[in-house]
$ cat coords_36.cif   # mmCIF, C-alpha atoms
data_target
#
loop_
_atom_site.label_atom_id
_atom_site.label_comp_id
_atom_site.auth_asym_id
_atom_site.auth_seq_id
_atom_site.Cartn_x
_atom_site.Cartn_y
_atom_site.Cartn_z
CA MET A 1 10.65 44.83 3.81
CA GLU A 2 7.14 44.96 5.28
CA LEU A 3 4.47 43.12 3.33
CA ILE A 4 1.66 45.27 1.96
CA THR A 5 -0.87 42.91 3.52
CA GLU A 6 0.73 43.52 6.93
CA THR A 7 0.87 47.31 6.76
CA GLU A 8 -1.10 49.52 9.13
CA SER A 9 -4.81 49.94 8.50
CA TYR A 10 -5.99 53.32 7.26
CA TYR A 11 -8.51 53.28 10.11
CA LYS A 12 -7.48 54.07 13.69
CA ASN A 13 -8.99 53.27 17.10
CA LEU A 14 -11.50 50.80 15.68
CA GLN A 15 -12.93 50.13 19.14
CA GLU A 16 -14.13 53.74 19.28
CA LEU A 17 -16.09 53.56 16.02
CA SER A 18 -19.84 53.10 15.97
CA LEU A 19 -21.22 49.90 14.46
CA GLU A 20 -22.39 51.85 11.42
CA GLU A 21 -18.92 53.35 10.96
CA ILE A 22 -17.30 49.92 11.19
CA LEU A 23 -19.65 48.39 8.65
CA SER A 24 -19.49 51.26 6.19
CA SER A 25 -15.69 51.37 6.41
CA ILE A 26 -15.38 47.64 5.70
CA ASN A 27 -17.74 48.05 2.76
CA LYS A 28 -15.73 50.99 1.47
CA GLU A 29 -12.56 48.93 1.50
CA ASP A 30 -14.28 45.94 -0.11
CA GLN A 31 -15.28 48.10 -3.06
CA THR A 32 -11.60 48.46 -3.98
CA VAL A 33 -11.11 44.71 -4.46
CA PRO A 34 -12.67 44.31 -7.94
CA LEU A 35 -10.50 47.16 -9.18
CA ALA A 36 -7.39 45.38 -7.91
CA VAL A 37 -8.52 42.17 -9.58
CA ALA A 38 -9.08 44.03 -12.86
CA LYS A 39 -5.46 45.25 -12.80
CA ALA A 40 -4.32 41.63 -12.60
CA MET A 41 -6.40 40.50 -15.61
CA PRO A 42 -3.41 39.83 -17.94
CA GLN A 43 -1.91 37.52 -15.30
CA ILE A 44 -5.27 35.85 -14.64
CA LYS A 45 -5.74 35.25 -18.37
CA ALA A 46 -2.30 33.67 -18.68
CA LEU A 47 -2.96 31.27 -15.80
CA ALA A 48 -6.49 30.47 -17.02
CA THR A 49 -5.11 29.71 -20.49
CA ALA A 50 -2.62 27.23 -19.04
CA ILE A 51 -5.33 25.58 -16.93
CA VAL A 52 -7.70 25.21 -19.90
CA GLU A 53 -4.93 23.74 -22.04
CA LYS A 54 -3.96 21.13 -19.46
CA MET A 55 -7.52 20.23 -18.45
CA GLY A 56 -8.51 20.01 -22.12
CA ARG A 57 -5.93 17.23 -22.43
CA GLY A 58 -7.28 15.37 -19.42
CA GLY A 59 -5.22 17.06 -16.72
CA ARG A 60 -6.36 18.15 -13.27
CA LEU A 61 -6.19 21.35 -11.24
CA PHE A 62 -4.72 21.36 -7.73
CA TYR A 63 -4.77 24.12 -5.12
CA ILE A 64 -2.48 24.31 -2.10
CA GLY A 65 -2.74 26.86 0.68
CA ALA A 66 -2.75 27.45 4.42
CA GLY A 67 -5.38 29.02 6.66
CA THR A 68 -7.93 31.17 4.84
CA SER A 69 -6.16 30.65 1.51
CA GLY A 70 -6.28 26.88 1.87
CA ARG A 71 -9.95 26.95 2.84
CA LEU A 72 -10.80 29.08 -0.19
CA GLY A 73 -9.08 26.57 -2.47
CA ILE A 74 -11.02 23.71 -0.92
CA LEU A 75 -14.26 25.68 -1.26
CA ASP A 76 -13.70 26.36 -4.95
CA ALA A 77 -12.71 22.76 -5.64
CA SER A 78 -15.67 21.32 -3.75
CA GLU A 79 -18.15 23.43 -5.69
CA CYS A 80 -17.03 22.25 -9.13
CA PRO A 81 -18.67 18.79 -9.07
CA PRO A 82 -22.19 19.98 -8.11
CA THR A 83 -21.99 23.03 -10.38
CA PHE A 84 -20.49 21.43 -13.47
CA GLY A 85 -21.03 17.68 -12.96
CA VAL A 86 -17.29 16.92 -13.05
CA PRO A 87 -15.50 14.20 -11.02
CA TYR A 88 -14.46 15.12 -7.49
CA ASP A 89 -10.81 14.57 -8.32
CA LEU A 90 -10.71 16.96 -11.30
CA VAL A 91 -10.20 20.02 -9.09
CA VAL A 92 -8.56 19.27 -5.74
CA GLY A 93 -7.92 21.64 -2.83
CA LEU A 94 -5.34 20.85 -0.17
CA ILE A 95 -4.72 22.75 3.06
CA ALA A 96 -1.69 22.73 5.36
CA GLY A 97 -2.59 20.58 8.35
CA GLY A 98 -5.04 18.40 6.44
CA ASP A 99 -8.80 18.21 6.92
CA THR A 100 -8.51 19.18 10.59
CA ALA A 101 -7.25 22.61 9.51
CA ILE A 102 -10.46 23.33 7.58
CA LYS A 103 -12.22 24.09 10.86
CA LYS A 104 -9.39 24.55 13.33
CA ALA A 105 -5.92 26.04 12.90
CA VAL A 106 -3.13 23.46 13.08
CA GLU A 107 -0.03 24.86 14.78
CA ASN A 108 3.02 25.30 12.54
CA ALA A 109 1.43 23.31 9.69
CA GLU A 110 2.18 25.99 7.12
CA ASP A 111 5.87 26.19 7.99
CA ASP A 112 6.87 22.87 6.38
CA LEU A 113 8.48 23.26 2.94
CA ILE A 114 8.04 19.58 2.05
CA GLN A 115 4.55 18.76 3.31
CA ALA A 116 2.57 20.11 0.34
CA TRP A 117 4.44 17.84 -2.05
CA THR A 118 3.91 14.93 0.35
CA ASP A 119 0.17 15.70 0.44
CA LEU A 120 0.04 15.83 -3.35
CA GLN A 121 1.56 12.37 -3.72
CA GLN A 122 -1.66 10.63 -2.75
CA TYR A 123 -3.14 12.05 -5.96
CA GLN A 124 -0.16 11.08 -8.10
CA ILE A 125 0.16 14.61 -9.49
CA ASP A 126 2.23 14.75 -12.66
CA GLU A 127 3.18 16.97 -15.60
CA ASN A 128 -0.32 16.66 -17.08
CA ASP A 129 -1.71 18.67 -14.18
CA VAL A 130 -1.60 22.28 -12.94
CA LEU A 131 -0.72 23.33 -9.39
CA VAL A 132 -1.86 26.71 -8.06
CA GLY A 133 -0.55 28.01 -4.75
CA ILE A 134 -2.80 30.39 -2.83
CA ALA A 135 -1.13 32.65 -0.26
CA ALA A 136 -2.04 36.24 0.51
CA SER A 137 1.42 36.93 1.94
CA GLY A 138 3.25 35.27 -0.93
CA THR A 139 5.66 33.74 1.58
CA THR A 140 3.92 30.66 3.07
CA PRO A 141 6.52 27.83 3.21
CA TYR A 142 3.92 25.09 2.62
CA VAL A 143 2.95 26.73 -0.67
CA LEU A 144 6.43 27.87 -1.67
CA GLY A 145 7.94 24.43 -1.18
CA GLY A 146 5.12 22.74 -3.06
CA LEU A 147 5.52 25.00 -6.07
CA LYS A 148 9.30 24.64 -6.18
CA ILE A 149 9.20 20.85 -6.05
CA ALA A 150 6.39 20.74 -8.61
CA THR A 151 8.50 22.84 -10.97
CA GLU A 152 11.35 20.34 -10.58
CA HIS A 153 8.89 17.69 -11.80
CA ASN A 154 7.89 19.74 -14.87
CA ILE A 155 4.45 20.55 -13.51
CA VAL A 156 2.85 23.84 -14.59
CA THR A 157 2.51 26.14 -11.60
CA GLY A 158 0.55 29.28 -10.81
CA CYS A 159 -0.25 31.30 -7.73
CA ILE A 160 -2.61 33.89 -6.28
CA VAL A 161 -0.88 36.34 -3.93
CA CYS A 162 -1.58 39.83 -2.60
CA ASN A 163 1.92 41.25 -2.28
CA THR A 164 4.39 42.39 -4.92
CA ASP A 165 7.63 40.58 -5.74
CA SER A 166 6.93 37.73 -3.37
CA PRO A 167 8.93 34.47 -3.22
CA ILE A 168 5.84 32.49 -4.22
CA ALA A 169 5.15 34.69 -7.26
CA LYS A 170 8.76 34.23 -8.32
CA ALA A 171 8.46 30.45 -7.92
CA ALA A 172 5.30 30.17 -10.04
CA ARG A 173 5.34 30.06 -13.83
CA TYR A 174 2.02 31.93 -13.95
CA PRO A 175 1.80 34.29 -10.96
CA VAL A 176 -1.33 36.31 -10.22
CA GLU A 177 -0.65 39.30 -7.97
CA VAL A 178 -3.77 41.10 -6.71
CA ILE A 179 -2.62 44.05 -4.62
CA VAL A 180 -5.52 45.09 -2.39
CA GLY A 181 -3.52 47.20 0.07
CA PRO A 182 -3.78 47.32 3.87
CA GLU A 183 -6.69 45.50 5.48
CA PHE A 184 -9.36 47.32 7.50
CA LEU A 185 -8.20 45.21 10.45
CA THR A 186 -4.41 45.30 10.21
CA GLY A 187 -3.05 42.03 8.82
CA SER A 188 -6.43 40.26 8.65
CA THR A 189 -6.06 38.81 5.17
CA ARG A 190 -9.32 36.90 5.43
CA MET A 191 -10.90 40.23 4.48
CA LYS A 192 -9.89 42.04 1.26
CA ALA A 193 -7.17 39.57 0.33
CA GLY A 194 -9.49 36.64 0.87
CA THR A 195 -12.22 38.31 -1.18
CA ALA A 196 -9.76 38.92 -4.02
CA GLN A 197 -8.57 35.32 -3.95
CA LYS A 198 -12.14 34.03 -4.07
CA MET A 199 -12.90 36.25 -7.05
CA VAL A 200 -9.88 34.95 -8.96
CA LEU A 201 -10.69 31.34 -8.11
CA ASN A 202 -14.24 31.83 -9.40
CA MET A 203 -12.82 33.21 -12.63
CA LEU A 204 -10.33 30.38 -13.12
CA THR A 205 -12.67 27.43 -12.68
CA THR A 206 -15.73 29.01 -14.26
CA SER A 207 -13.83 30.05 -17.38
CA ALA A 208 -12.16 26.64 -17.58
CA MET A 209 -15.45 24.77 -17.30
CA ILE A 210 -17.08 26.96 -19.94
CA ARG A 211 -14.19 26.34 -22.33
CA LEU A 212 -14.39 22.61 -21.59
CA GLY A 213 -18.03 22.54 -22.70
CA LYS A 214 -19.65 22.17 -19.28
CA VAL A 215 -22.02 25.11 -19.94
CA LYS A 216 -24.68 25.59 -22.64
CA GLY A 217 -25.58 29.19 -23.39
CA ASN A 218 -25.37 30.57 -19.89
CA LYS A 219 -26.86 27.53 -18.16
CA MET A 220 -25.35 24.88 -15.86
CA VAL A 221 -26.60 21.94 -17.91
CA ASP A 222 -24.35 19.40 -16.17
CA MET A 223 -25.09 20.43 -12.58
CA GLN A 224 -25.94 17.73 -10.07
CA LEU A 225 -29.62 17.67 -9.12
CA THR A 226 -29.02 17.03 -5.44
CA ASN A 227 -31.97 18.89 -3.92
CA SER A 228 -35.39 20.29 -4.72
CA LYS A 229 -34.11 23.79 -5.48
CA LEU A 230 -31.64 22.52 -8.06
CA TYR A 231 -34.20 20.14 -9.54
CA ARG A 232 -36.62 23.05 -10.05
CA ARG A 233 -33.81 25.05 -11.61
CA GLY A 234 -33.21 22.15 -13.99
CA VAL A 235 -36.86 22.13 -15.01
CA ARG A 236 -36.76 25.87 -15.69
CA ILE A 237 -33.64 25.50 -17.85
CA ILE A 238 -35.32 22.84 -19.96
CA VAL A 239 -38.48 24.92 -20.38
CA ARG A 240 -36.50 28.00 -21.41
CA GLU A 241 -34.18 26.15 -23.77
CA THR A 242 -36.77 23.95 -25.50
CA GLY A 243 -40.12 25.68 -25.19
CA ILE A 244 -41.85 22.54 -23.90
CA ASP A 245 -44.23 22.90 -20.99
CA GLU A 246 -43.17 22.48 -17.39
CA ARG A 247 -44.96 19.16 -16.84
CA GLN A 248 -43.24 17.58 -19.83
CA ALA A 249 -39.91 19.00 -18.77
CA GLU A 250 -40.36 17.57 -15.30
CA THR A 251 -41.30 14.15 -16.69
CA LEU A 252 -38.23 14.03 -18.93
CA LEU A 253 -35.88 15.22 -16.20
CA ARG A 254 -37.14 12.58 -13.78
CA LYS A 255 -36.70 9.93 -16.46
CA TYR A 256 -33.17 10.84 -17.58
CA GLY A 257 -31.79 12.64 -14.53
CA SER A 258 -29.70 14.99 -16.65
CA ILE A 259 -30.49 18.43 -18.01
CA ARG A 260 -28.01 17.96 -20.85
CA LYS A 261 -29.51 14.60 -21.81
CA VAL A 262 -33.01 16.06 -21.95
CA LEU A 263 -31.83 18.98 -24.08
CA GLU A 264 -30.09 16.63 -26.49
CA LEU A 265 -33.18 14.43 -26.81
CA THR A 266 -35.59 17.27 -27.35
CA LYS A 267 -33.26 18.79 -29.94
CA THR A 268 -33.36 15.63 -32.06
CA ARG A 269 -37.13 15.35 -32.01
#

$ encode --input "coords_36.cif" --output "structure tokens"
Amino acid sequence: MELITETESYYKNLQELSLEEILSSINKEDQTVPLAVAKAMPQIKALATAIVEKMGRGGRLFYIGAGTSGRLGILDASECPPTFGVPYDLVVGLIAGGDTAIKKAVENAEDDLIQAWTDLQQYQIDENDVLVGIAASGTTPYVLGGLKIATEHNIVTGCIVCNTDSPIAKAARYPVEVIVGPEFLTGSTRMKAGTAQKMVLNMLTTSAMIRLGKVKGNKMVDMQLTNSKLYRRGVRIIVRETGIDERQAETLLRKYGSIRKVLELTKTR
């Protein structure tokens, strides 16, 4: 059976299209992705609920993937500490082939059924944690093997795939299947499938962090103030939340180095 993600593009003779036609066609296809994600909302909610429950008890979230899927997991994991002020080992992304594969494809790395579990051992993953496999095809051995072994160790598993009835979806306790259809460029799952996966990842970690109390109102009060832009954002948050003037907000933020701390102090005054 041919995978949906590998089926022929609706667009023919791409090399004969004008630049405007290429761009508008890609955009047209991209507009279908949010609709596909919306159809998967019950599955997304189920996985998010499991993640919140485990993380609320001190557990961690792990992603495993290969190629684009692996890179997207690493991207989402790496953005959690600066955005929400959480430890770097709370959300962990692993890619087949290791760090080298982030920038350069590692030959045959995704074909090993055991390697994902081996990679996870350095983090001492256990039944307190959640493991999410990311694979557009739903067949990647690196991801499939990792999920199966994790299940044997009573670890909660989920996945994000873009094909129906895939082996990976069947192996995960909480599968998320976002069916985006054929890619504009046949088989290029870094396009619609990758966009869908990124959207779901954003939903999972953002919703989890909100439920874990890492957000106040709609503000990132625990974000790391690692550059001037973020520092200015922090000052604006304090001004808006407390009503104090910008100079005072800046003075307090420099003193305490934490938006949340400043908000707590000003609240008690």

$ closest_residue --input "coords_36.cif" --among "A:Val215, A:Val130, A:Met191, A:Ala66" --to "His153 of chain A" --atoms "all atoms listed in the file"
A:Val130

$ residues_around --input "coords_36.cif" --residues "Asp165 of chain A" --least-positions-apart "5" --cutoff "12 Å" --atoms "only C-alpha atoms" --output "PyMOL selection string"
chain A and resi 1-4+137-139+170-172+175-179

$ closest_residue --input "coords_36.cif" --among "A:Arg71, A:Lys103, A:Lys216, A:Arg232" --to "Arg247 of chain A" --atoms "only C-alpha atoms"
A:Arg232

$ closest_atom_pairs --input "coords_36.cif" --of "segment 175-253 of chain A" --to "segment 36-53 of chain A" --cutoff "9 Å" --atoms "all atoms listed in the file" --output "CSV"
residue,atom,partner,partner_atom,distance
A:Pro175,CA,A:Gln43,CA,6.6
A:Val176,CA,A:Gln43,CA,5.3
A:Glu177,CA,A:Ala40,CA,6.4
A:Val178,CA,A:Val37,CA,5.7
A:Ile179,CA,A:Ala36,CA,5.9
A:Val180,CA,A:Ala36,CA,5.8
A:Ala196,CA,A:Val37,CA,6.6
A:Gln197,CA,A:Val37,CA,8.9
A:Met199,CA,A:Val37,CA,7.8
A:Val200,CA,A:Ile44,CA,7.4
A:Met203,CA,A:Ala48,CA,8.2
A:Leu204,CA,A:Ala48,CA,5.5
A:Thr205,CA,A:Ala48,CA,8.1
A:Ser207,CA,A:Ala48,CA,7.4
A:Ala208,CA,A:Val52,CA,5.2
A:Met209,CA,A:Val52,CA,8.2
A:Arg211,CA,A:Val52,CA,7.0
A:Leu212,CA,A:Val52,CA,7.4

$ atom_distance --input "coords_36.cif" --atom1 "atom CA of Tyr11 of chain A" --atom2 "atom CA of Phe184 of chain A"
6.6 Å

$ atom_distance --input "coords_36.cif" --atom1 "atom CA of Ile149 of chain A" --atom2 "atom CA of Thr5 of chain A"
26.1 Å

$ resolve_selection --input "coords_36.cif" --expression "the PyMOL selection byres ((chain A and resi 97) around 12)" --output "list of chain:residue names"
A:Ile64, A:Gly65, A:Ala66, A:Gly67, A:Gly70, A:Arg71, A:Leu94, A:Ile95, A:Ala96, A:Gly98, A:Asp99, A:Thr100, A:Ala101, A:Ile102, A:Lys103, A:Lys104, A:Ala105, A:Val106, A:Glu107, A:Asn108, A:Ala109, A:Glu110, A:Asp111, A:Asp112, A:Gln115, A:Ala116, A:Thr118, A:Asp119, A:Tyr142

$ atom_distance --input "coords_36.cif" --atom1 "atom CA of Val86 of chain A" --atom2 "atom CA of Lys255 of chain A"
20.9 Å

$ resolve_selection --input "coords_36.cif" --expression "the PyMOL selection byres ((chain A and resi 10) around 10)" --output "list in words"
Thr7, Glu8, Ser9, Tyr11, Lys12, Ser25, Glu29, Gly181, Pro182, Glu183, Phe184, Leu185 and Thr186 of chain A

$ residues_around --input "coords_36.cif" --residues "Leu147 of chain A" --least-positions-apart "4" --cutoff "8 Å" --atoms "only C-alpha atoms" --output "number ranges by chain"
A: 131-133, 143, 151, 157, 168, 171-172

$ closest_residue --input "coords_36.cif" --among "A:Glu21, A:Glu241, A:Glu152, A:Asp129" --to "Phe62 of chain A" --atoms "only C-alpha atoms"
A:Asp129

$ closest_residue --input "coords_36.cif" --among "A:Pro82, A:Gly58, A:Gly194, A:Gly145" --to "Glu127 of chain A" --atoms "only C-alpha atoms"
A:Gly58

$ resolve_selection --input "coords_36.cif" --expression "the PyMOL selection byres ((chain A and resi 217-219) around 12)" --output "MDAnalysis selection string"
chainID A and resid 83:84 206:207 209:211 213:216 220:223 233:238 240:241 259:260 263

$ closest_residue --input "coords_36.cif" --among "A:Ile155, A:Ile125, A:Met55, A:Val161" --to "Arg173 of chain A" --atoms "all atoms listed in the file"
A:Ile155

$ closest_residue --input "coords_36.cif" --among "A:Ser18, A:Asn128, A:Thr195, A:Thr164" --to "Pro34 of chain A" --atoms "only C-alpha atoms"
A:Thr195

$ axis_aligned_box --input "coords_36.cif" --around "segment 217-225 of chain A" --padding-each-side "5 Å" --output "JSON"
{"center_x": -27.0, "center_y": 24.1, "center_z": -16.3, "size_x": 15.3, "size_y": 22.9, "size_z": 24.3}

$ residues_around --input "coords_36.cif" --residues "Thr266 of chain A" --least-positions-apart "2" --cutoff "12 Å" --atoms "only C-alpha atoms" --output "short mmCIF file (atom, residue, chain, number, x, y, z; two decimals) with C-alpha atoms, in the frame of the given file"
data_model
loop_
_atom_site.label_atom_id
_atom_site.label_comp_id
_atom_site.auth_asym_id
_atom_site.auth_seq_id
_atom_site.Cartn_x
_atom_site.Cartn_y
_atom_site.Cartn_z
CA ILE A 238 -35.32 22.84 -19.96
CA VAL A 239 -38.48 24.92 -20.38
CA GLU A 241 -34.18 26.15 -23.77
CA THR A 242 -36.77 23.95 -25.50
CA GLY A 243 -40.12 25.68 -25.19
CA ILE A 244 -41.85 22.54 -23.90
CA GLN A 248 -43.24 17.58 -19.83
CA ALA A 249 -39.91 19.00 -18.77
CA LEU A 252 -38.23 14.03 -18.93
CA LEU A 253 -35.88 15.22 -16.20
CA TYR A 256 -33.17 10.84 -17.58
CA ILE A 259 -30.49 18.43 -18.01
CA ARG A 260 -28.01 17.96 -20.85
CA LYS A 261 -29.51 14.60 -21.81
CA VAL A 262 -33.01 16.06 -21.95
CA LEU A 263 -31.83 18.98 -24.08
CA GLU A 264 -30.09 16.63 -26.49
CA THR A 268 -33.36 15.63 -32.06
CA ARG A 269 -37.13 15.35 -32.01
#

$ decode --input "coords_36.cif" --residues "segment 164-224 of chain A" --atoms "C-alpha atoms" --output "mmCIF file, in the first residue's frame"
data_model
loop_
_atom_site.group_PDB
_atom_site.id
_atom_site.type_symbol
_atom_site.label_atom_id
_atom_site.label_comp_id
_atom_site.auth_asym_id
_atom_site.auth_seq_id
_atom_site.Cartn_x
_atom_site.Cartn_y
_atom_site.Cartn_z
ATOM 1 C CA THR A 164 -3.351 6.488 8.252
ATOM 2 C CA ASP A 165 -3.047 3.108 9.975
ATOM 3 C CA SER A 166 0.716 3.292 10.218
ATOM 4 C CA PRO A 167 2.889 0.906 12.277
ATOM 5 C CA ILE A 168 4.042 3.793 14.464
ATOM 6 C CA ALA A 169 0.486 4.944 15.195
ATOM 7 C CA LYS A 170 -0.390 1.382 16.159
ATOM 8 C CA ALA A 171 2.635 1.192 18.459
ATOM 9 C CA ALA A 172 1.815 4.428 20.309
ATOM 10 C CA ARG A 173 -0.692 4.633 23.140
ATOM 11 C CA TYR A 174 -1.674 8.152 22.070
ATOM 12 C CA PRO A 175 -1.301 8.456 18.282
ATOM 13 C CA VAL A 176 -1.830 11.755 16.472
ATOM 14 C CA GLU A 177 -2.528 11.302 12.766
ATOM 15 C CA VAL A 178 -2.554 14.528 10.729
ATOM 16 C CA ILE A 179 -3.396 13.608 7.144
ATOM 17 C CA VAL A 180 -2.231 16.460 4.915
ATOM 18 C CA GLY A 181 -2.339 14.578 1.611
ATOM 19 C CA PRO A 182 0.201 14.597 -1.230
ATOM 20 C CA GLU A 183 3.001 17.142 -1.058
ATOM 21 C CA PHE A 184 3.427 19.881 -3.676
ATOM 22 C CA LEU A 185 6.792 18.278 -4.427
ATOM 23 C CA THR A 186 6.055 14.554 -4.447
ATOM 24 C CA GLY A 187 7.281 12.900 -1.242
ATOM 25 C CA SER A 188 8.888 16.043 0.209
ATOM 26 C CA THR A 189 7.504 15.728 3.725
ATOM 27 C CA ARG A 190 9.502 18.705 4.956
ATOM 28 C CA MET A 191 6.674 20.738 3.429
ATOM 29 C CA LYS A 192 3.037 20.176 4.493
ATOM 30 C CA ALA A 193 3.804 17.235 6.768
ATOM 31 C CA GLY A 194 6.598 19.146 8.466
ATOM 32 C CA THR A 195 4.363 22.183 8.913
ATOM 33 C CA ALA A 196 1.660 20.011 10.474
ATOM 34 C CA GLN A 197 4.131 18.386 12.843
ATOM 35 C CA LYS A 198 5.467 21.775 13.942
ATOM 36 C CA MET A 199 1.933 22.997 14.624
ATOM 37 C CA VAL A 200 1.160 19.978 16.789
ATOM 38 C CA LEU A 201 4.443 20.281 18.677
ATOM 39 C CA ASN A 202 3.691 23.938 19.405
ATOM 40 C CA MET A 203 0.304 22.915 20.764
ATOM 41 C CA LEU A 204 1.667 20.142 22.967
ATOM 42 C CA THR A 205 4.404 22.062 24.752
ATOM 43 C CA THR A 206 2.601 25.395 24.932
ATOM 44 C CA SER A 207 -0.524 23.847 26.420
ATOM 45 C CA ALA A 208 1.565 21.790 28.844
ATOM 46 C CA MET A 209 3.543 24.803 30.036
ATOM 47 C CA ILE A 210 0.381 26.856 30.512
ATOM 48 C CA ARG A 211 -1.187 24.080 32.577
ATOM 49 C CA LEU A 212 2.027 23.774 34.601
ATOM 50 C CA GLY A 213 1.808 27.437 35.578
ATOM 51 C CA LYS A 214 4.626 28.774 33.406
ATOM 52 C CA VAL A 215 2.381 31.525 31.957
ATOM 53 C CA LYS A 216 0.549 34.393 33.694
ATOM 54 C CA GLY A 217 -2.427 35.777 31.807
ATOM 55 C CA ASN A 218 -1.063 35.506 28.300
ATOM 56 C CA LYS A 219 2.502 36.494 29.175
ATOM 57 C CA MET A 220 5.776 34.524 29.258
ATOM 58 C CA VAL A 221 6.658 35.540 32.810
ATOM 59 C CA ASP A 222 9.367 32.884 33.196
ATOM 60 C CA MET A 223 11.179 33.498 29.904
ATOM 61 C CA GLN A 224 14.946 33.850 29.962
#
